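Coordinates from query-v9.tsv are shown below (TSV, C-alpha atoms).
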chain	number	residue	atom	x	y	z
A	1	MET	CA	0.00	0.00	0.00
A	2	ASN	CA	1.30	3.44	-0.91
A	3	GLN	CA	0.66	5.49	2.23
A	4	LYS	CA	1.79	8.65	0.43
A	5	THR	CA	-1.67	8.68	-1.18
A	6	LEU	CA	-3.02	9.80	2.20
A	7	TRP	CA	-0.88	12.95	1.91
A	8	LYS	CA	-3.16	14.09	-0.93
A	9	LEU	CA	-6.06	14.58	1.49
A	10	SER	CA	-6.55	18.23	2.46
A	11	TYR	CA	-6.16	19.49	6.03
A	12	GLY	CA	-5.86	22.74	7.95
A	13	MET	CA	-3.86	23.84	10.98
A	14	TYR	CA	-5.71	24.46	14.22
A	15	VAL	CA	-5.21	24.80	17.96
A	16	VAL	CA	-7.77	22.61	19.72
A	17	CYS	CA	-8.24	23.53	23.38
A	18	SER	CA	-10.20	22.38	26.41
A	19	LEU	CA	-10.16	22.65	30.19
A	20	ASP	CA	-10.32	20.68	33.41
A	21	GLY	CA	-11.65	22.99	36.10
A	22	GLU	CA	-9.22	25.92	36.17
A	23	LYS	CA	-6.57	24.04	34.19
A	24	LEU	CA	-6.30	24.95	30.50
A	25	ASN	CA	-4.59	23.12	27.68
A	26	GLY	CA	-4.38	23.10	23.91
A	27	GLN	CA	-2.65	21.31	21.07
A	28	ILE	CA	-2.07	21.55	17.35
A	29	ALA	CA	-4.51	19.47	15.27
A	30	ASN	CA	-4.99	19.11	11.53
A	31	THR	CA	-7.98	16.75	11.44
A	32	VAL	CA	-10.94	19.07	12.01
A	33	PHE	CA	-13.89	18.90	9.65
A	34	GLN	CA	-17.53	19.92	9.31
A	35	ILE	CA	-20.18	17.19	9.37
A	36	THR	CA	-23.49	19.07	9.08
A	37	SER	CA	-24.65	22.67	8.71
A	38	GLU	CA	-28.07	22.55	10.42
A	39	PRO	CA	-27.27	22.27	13.24
A	40	PRO	CA	-23.58	23.08	12.71
A	41	ILE	CA	-21.59	20.03	13.82
A	42	ILE	CA	-17.86	19.41	13.46
A	43	ALA	CA	-15.48	16.61	14.45
A	44	VAL	CA	-11.88	16.57	15.63
A	45	SER	CA	-9.44	13.67	15.97
A	46	ILE	CA	-7.34	13.71	19.16
A	47	ASN	CA	-4.67	11.23	20.25
A	48	LYS	CA	-5.50	9.42	23.49
A	49	GLN	CA	-2.01	10.12	24.87
A	50	ASN	CA	-2.51	13.88	24.76
A	51	LEU	CA	-3.60	15.92	27.76
A	52	THR	CA	-6.16	17.75	25.62
A	53	HIS	CA	-7.89	14.38	25.06
A	54	GLU	CA	-8.23	13.93	28.82
A	55	PHE	CA	-9.61	17.46	29.24
A	56	ILE	CA	-12.20	17.06	26.47
A	57	GLU	CA	-13.39	13.76	27.95
A	58	LYS	CA	-13.88	15.42	31.34
A	59	SER	CA	-15.34	18.79	30.34
A	60	LYS	CA	-17.26	17.69	27.22
A	61	VAL	CA	-16.29	20.95	25.50
A	62	PHE	CA	-13.55	22.04	23.13
A	63	SER	CA	-12.58	25.03	21.03
A	64	VAL	CA	-10.88	25.29	17.65
A	65	SER	CA	-8.70	28.29	16.82
A	66	LEU	CA	-8.01	28.56	13.08
A	67	LEU	CA	-4.39	29.56	12.42
A	68	SER	CA	-3.40	32.01	9.69
A	69	VAL	CA	-0.45	31.66	7.30
A	70	ASP	CA	1.28	34.30	9.45
A	71	ALA	CA	1.50	31.98	12.45
A	72	ASP	CA	5.18	31.34	13.13
A	73	MET	CA	6.78	28.00	13.90
A	74	LYS	CA	7.35	28.93	17.54
A	75	LEU	CA	3.60	29.15	18.10
A	76	ILE	CA	3.07	25.82	16.33
A	77	GLY	CA	5.92	24.22	18.26
A	78	HIS	CA	4.58	25.62	21.53
A	79	PHE	CA	1.25	23.86	21.10
A	80	GLY	CA	2.34	20.96	18.89
A	81	PHE	CA	5.62	19.63	20.27
A	82	LYS	CA	5.45	20.39	23.99
A	83	SER	CA	3.26	18.73	26.59
A	84	GLY	CA	0.82	20.57	28.82
A	85	LYS	CA	1.69	17.97	31.47
A	86	ASP	CA	5.04	19.72	31.92
A	87	PHE	CA	4.06	23.41	31.88
A	88	ASN	CA	1.19	25.86	31.43
A	89	LYS	CA	0.90	26.52	27.69
A	90	PHE	CA	-1.22	29.60	28.26
A	91	GLU	CA	1.20	31.47	30.50
A	92	ASP	CA	2.15	34.70	28.69
A	93	MET	CA	-0.14	33.69	25.80
A	94	ASN	CA	-2.71	36.03	24.27
A	95	TYR	CA	-5.98	34.18	24.80
A	96	LYS	CA	-9.48	34.46	26.19
A	97	GLN	CA	-11.96	31.95	27.56
A	98	GLY	CA	-15.14	31.63	25.55
A	99	SER	CA	-18.71	30.83	26.52
A	100	THR	CA	-17.83	27.18	27.17
A	101	GLY	CA	-14.81	28.11	29.28
A	102	ALA	CA	-12.41	26.56	26.77
A	103	PRO	CA	-9.51	28.90	25.87
A	104	LEU	CA	-9.32	30.61	22.48
A	105	VAL	CA	-5.90	31.49	21.06
A	106	MET	CA	-5.95	35.09	19.84
A	107	GLU	CA	-2.49	35.23	18.22
A	108	ASN	CA	-2.35	34.67	14.45
A	109	THR	CA	-5.90	33.35	14.52
A	110	ILE	CA	-8.44	34.08	11.78
A	111	GLY	CA	-11.41	32.75	13.71
A	112	TYR	CA	-12.63	30.27	16.27
A	113	LEU	CA	-15.31	27.68	16.99
A	114	GLU	CA	-16.64	26.61	20.38
A	115	CYS	CA	-18.23	23.20	20.70
A	116	GLU	CA	-20.08	20.95	23.10
A	117	VAL	CA	-19.36	17.24	22.68
A	118	ILE	CA	-22.48	15.35	21.61
A	119	ASP	CA	-20.83	12.05	20.71
A	120	SER	CA	-17.45	10.35	20.31
A	121	LEU	CA	-16.00	7.42	18.44
A	122	ASP	CA	-13.09	5.26	19.57
A	123	VAL	CA	-10.76	4.76	16.58
A	124	GLY	CA	-7.84	3.00	18.24
A	125	THR	CA	-5.01	5.42	18.94
A	126	HIS	CA	-7.37	8.40	18.61
A	127	THR	CA	-10.86	9.47	19.62
A	128	LEU	CA	-13.07	11.28	17.16
A	129	PHE	CA	-14.94	13.90	19.22
A	130	ILE	CA	-18.12	15.16	17.57
A	131	GLY	CA	-19.18	18.61	18.72
A	132	LYS	CA	-22.13	20.91	18.21
A	133	VAL	CA	-20.94	24.45	17.47
A	134	VAL	CA	-22.36	26.78	20.13
A	135	ASP	CA	-20.37	29.90	19.23
A	136	ALA	CA	-18.07	31.08	16.45
A	137	ASP	CA	-16.52	34.26	15.11
A	138	ILE	CA	-14.18	35.56	12.41
A	139	LEU	CA	-11.26	37.64	13.68
A	140	SER	CA	-9.24	38.31	10.53
A	141	ASP	CA	-9.40	38.22	6.73
A	142	ALA	CA	-5.95	36.61	6.55
A	143	GLU	CA	-5.48	33.35	4.67
A	144	PRO	CA	-5.89	30.18	6.73
A	145	MET	CA	-2.84	27.96	7.06
A	146	THR	CA	-3.26	24.62	5.34
A	147	TYR	CA	-1.40	21.47	6.33
A	148	ALA	CA	0.28	21.50	2.91
A	149	TYR	CA	1.53	25.07	3.51
A	150	TYR	CA	2.87	24.03	6.92
A	151	HIS	CA	4.88	21.23	5.33
A	152	LYS	CA	6.02	22.80	2.04
A	153	ILE	CA	6.55	26.43	3.05
A	154	LYS	CA	7.18	26.24	6.78
A	155	GLY	CA	9.09	22.96	6.62
A	156	GLY	CA	7.07	21.51	9.47
A	157	LYS	CA	6.69	17.86	10.42
A	158	ALA	CA	3.94	15.78	12.01
A	159	PRO	CA	4.52	14.63	15.61
A	160	LYS	CA	4.16	10.92	16.32
A	161	THR	CA	0.75	11.49	17.97
A	162	ALA	CA	-0.72	13.17	14.87
A	163	PRO	CA	-3.28	11.15	12.89
A	164	THR	CA	-1.32	11.89	9.71
A	165	TYR	CA	2.07	10.76	11.06
A	166	ILE	CA	3.98	8.27	8.88
A	167	SER	CA	7.26	6.82	10.14
A	168	GLU	CA	10.54	7.51	8.38
A	169	GLU	CA	10.77	3.84	7.38
A	170	THR	CA	7.68	4.12	5.18
A	171	LYS	CA	8.51	7.45	3.56
A	172	ASN	CA	11.43	6.33	1.36
A	173	ILE	CA	12.62	9.91	1.00
A	174	HIS	CA	15.49	10.60	-1.41
A	175	GLN	CA	17.52	13.74	-0.93
A	176	GLU	CA	19.39	15.15	-3.94
A	177	ASP	CA	19.88	18.74	-2.86
A	178	LYS	CA	23.14	20.61	-3.33
A	179	MET	CA	23.11	22.03	0.19
A	180	LYS	CA	22.75	19.51	2.99
A	181	LYS	CA	19.60	19.42	5.08
A	182	TYR	CA	19.58	18.79	8.81
A	183	ARG	CA	16.91	17.16	10.97
A	184	CYS	CA	16.05	17.99	14.58
A	185	THR	CA	16.48	14.75	16.55
A	186	VAL	CA	13.80	15.86	19.02
A	187	CYS	CA	10.80	16.89	16.91
A	188	GLY	CA	11.79	15.93	13.34
A	189	TYR	CA	11.85	19.48	11.92
A	190	ILE	CA	14.07	19.65	8.84
A	191	TYR	CA	16.21	22.72	8.21
A	192	ASP	CA	16.29	23.31	4.46
A	193	PRO	CA	19.03	25.82	3.47
A	194	GLU	CA	17.06	26.82	0.38
A	195	LYS	CA	14.18	28.00	2.58
A	196	GLY	CA	16.14	29.13	5.62
A	197	ASP	CA	14.17	30.14	8.70
A	198	PRO	CA	12.82	33.65	7.97
A	199	ASP	CA	10.77	33.71	11.20
A	200	SER	CA	14.06	33.52	13.14
A	201	GLY	CA	15.99	35.86	10.85
A	202	ILE	CA	17.77	33.14	8.86
A	203	GLU	CA	17.63	34.12	5.19
A	204	PRO	CA	16.96	31.54	2.43
A	205	GLY	CA	20.21	30.16	1.05
A	206	THR	CA	21.95	30.04	4.46
A	207	PRO	CA	23.88	26.76	4.95
A	208	PHE	CA	23.34	25.07	8.28
A	209	GLU	CA	27.00	25.64	9.17
A	210	LYS	CA	26.50	29.41	8.82
A	211	ILE	CA	23.57	29.59	11.23
A	212	PRO	CA	24.49	31.38	14.52
A	213	ASP	CA	25.26	29.01	17.39
A	214	ASP	CA	22.46	30.51	19.51
A	215	TRP	CA	19.83	29.58	16.89
A	216	VAL	CA	17.23	27.09	18.14
A	217	CYS	CA	14.78	24.75	16.47
A	218	PRO	CA	11.75	26.87	15.46
A	219	ILE	CA	9.38	24.10	16.51
A	220	CYS	CA	10.62	22.60	19.78
A	221	GLY	CA	13.25	25.13	20.82
A	222	VAL	CA	16.25	22.82	21.27
A	223	SER	CA	19.74	24.02	20.34
A	224	LYS	CA	21.55	23.63	17.03
A	225	THR	CA	23.60	20.77	18.51
A	226	ASN	CA	20.50	18.57	18.49
A	227	PHE	CA	20.41	18.48	14.67
A	228	GLU	CA	21.77	15.70	12.52
A	229	GLU	CA	22.74	15.72	8.86
A	230	ILE	CA	20.32	13.94	6.53
In structure tokens, write the structure found in this file.
Amino acid sequence: MNQKTLWKLSYGMYVVCSLDGEKLNGQIANTVFQITSEPPIIAVSINKQNLTHEFIEKSKVFSVSLLSVDADMKLIGHFGFKSGKDFNKFEDMNYKQGSTGAPLVMENTIGYLECEVIDSLDVGTHTLFIGKVVDADILSDAEPMTYAYYHKIKGGKAPKTAPTYISEETKNIHQEDKMKKYRCTVCGYIYDPEKGDPDSGIEPGTPFEKIPDDWVCPICGVSKTNFEEI
């Protein structure tokens, strides 16, 4: 089976959030989709290992913040490659709590949806939470970030808990680039010299060896020493 066919499915980039009492948490998700319009119902796929999954099960509510193409990799890494079990993701974050109490990310967000869980489906490693939309608003006319944009333009990778994750063994990737690429051994982010890291001030065409020593992975924040040559 050619699993690369699954890459042709379209996705977006979202921050899905929930709460447990006064505790707040959120994570990056790409599998969010509309099921019906009357009443408006959507579904989101969340890995059972994630803290957000636990919070949604307890509170029966969740929010979806729709990221714009302007969202930088640090924001995505903050919610996508770090665990809320280790620290408060909303400390020093621009957010507000909506009508359900679930937090709404207000940075680089074009809009949000607030949902009450009306059903769920166990799909093995993930749970598909089905939610009735109880509130929604548009915050910006900026373009939404697609999953394809995240991969091709931002150079982002899927964490192992993502529903779209495919292991390196099944990818069969061949690299034939003139300048060598380097992979973060922590989160899998690949530094591509042709693209650079504009969000961190690294211009396109900058070889990895020329990056300042204090540069850190734009996704998970580890140092340059944690990268390996591909």
request  = Identify the residues within 12 Å of coordinate (-8.4, 23.3, 35.7) (same frame as the file), considering only C-alpha atoms, and give the answer as a ChimeraX atom specification.
outcome  = /A:18-25,51-52,54-56,58-59,84,88,101-103
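Of the residues listed (A:Thr125, A:Tyr189, A:Glu194, A:Leu139), A:Thr125 shows the shortest atom-to-atom separation from A:Gln49; distances use all atoms listed in the file.
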Report as a tab-separated table: every residue of stretch 38-153 of chain A with an atom at most 12 Å from stretch 210-225 of chain A, its closest pair of atoms, and their distance in Å to one decimal, counting only C-alpha atoms, with rows sorted by chain and ascending residue number.
residue	atom	partner	partner_atom	distance
A:Ala71	CA	A:Pro218	CA	11.8
A:Asp72	CA	A:Pro218	CA	8.3
A:Met73	CA	A:Pro218	CA	5.3
A:Lys74	CA	A:Pro218	CA	5.3
A:Leu75	CA	A:Ile219	CA	7.8
A:Ile76	CA	A:Ile219	CA	6.5
A:Gly77	CA	A:Ile219	CA	3.9
A:His78	CA	A:Cys220	CA	7.0
A:Phe79	CA	A:Ile219	CA	9.3
A:Gly80	CA	A:Ile219	CA	8.1
A:Phe81	CA	A:Cys220	CA	5.8
A:Lys82	CA	A:Cys220	CA	7.0
A:Ser83	CA	A:Cys220	CA	10.7
A:Tyr150	CA	A:Ile219	CA	11.6
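Of the residues listed (A:Asp199, A:Asp141, A:Asp119, A:Glu91), A:Asp119 shows the shortest atom-to-atom separation from A:Val44; distances use all atoms listed in the file.
Across the model, the gap from atom CA of A:Tyr149 to atom CA of A:Ser63 is 22.5 Å.
Atom CA of A:Phe208 lies 14.9 Å from atom CA of A:Thr185.
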inquiry  = Please compute the atom CA of A:Asp137-atom CA of A:Ala43 distance, one decimal, in Å.
reply    = 17.7 Å
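Around the point (-7.2, 32.8, 13.1), within 6 Å and counting all atoms listed in the file, we find these residues: Leu66, Leu67, Ser68, Asn108, Thr109, Ile110 and Gly111 of chain A.
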Write a file of the selected residues as a PDB file, in the frame of the given file, keeping C-alpha atoms.
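File written: again09.pdb
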ATOM      1  CA  LEU A  66      -8.010  28.560  13.080  1.00  0.00           C
ATOM      2  CA  LEU A  67      -4.390  29.560  12.420  1.00  0.00           C
ATOM      3  CA  SER A  68      -3.400  32.010   9.690  1.00  0.00           C
ATOM      4  CA  ASN A 108      -2.350  34.670  14.450  1.00  0.00           C
ATOM      5  CA  THR A 109      -5.900  33.350  14.520  1.00  0.00           C
ATOM      6  CA  ILE A 110      -8.440  34.080  11.780  1.00  0.00           C
ATOM      7  CA  GLY A 111     -11.410  32.750  13.710  1.00  0.00           C
TER       8      GLY A 111
END
message = Taking all atoms listed in the file into account, name the residue in A:Ala148, A:Leu6, A:Val133, A:Ile41 that is nearest to A:Glu114.
response = A:Val133
query = Quick one: residues within 7 Å of A:Asn94, all atoms listed in the file counted, chain neighbours fewer than 6 positions away excluded, as a list in words?
reply = Val105, Met106 and Glu107 of chain A
Using the file's own x, y and z axes, what box holds all listed atoms of stretch 194-209 of chain A with 5 Å on each side, keeping edges along x, y and z, and what are its centre and edge lengths in Å to one decimal, as AutoDock Vina command-line options?
--center_x 18.9 --center_y 30.5 --center_z 6.8 --size_x 26.2 --size_y 20.8 --size_z 22.8
Residue nearest A:Ala136 - candidates A:Val123, A:Val32, A:Cys115, A:Ile230, atoms counted: only C-alpha atoms = A:Cys115
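Nearest residue to A:Lys60, choosing from A:Lys132, A:Lys181, A:Lys195, A:Lys96 and counting all atoms listed in the file: A:Lys132.
Closest to A:Met145 among A:Ser200, A:Ser10, A:Ser120, A:Thr206 is A:Ser10, based on all atoms listed in the file.
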query = Near A:Asp135, within 9 Å and counting all atoms listed in the file, which residues show up once chain neighbours fewer than 3 positions away are dropped, as an NGL selection string?
reply = :A and (98-100 or 112-115)
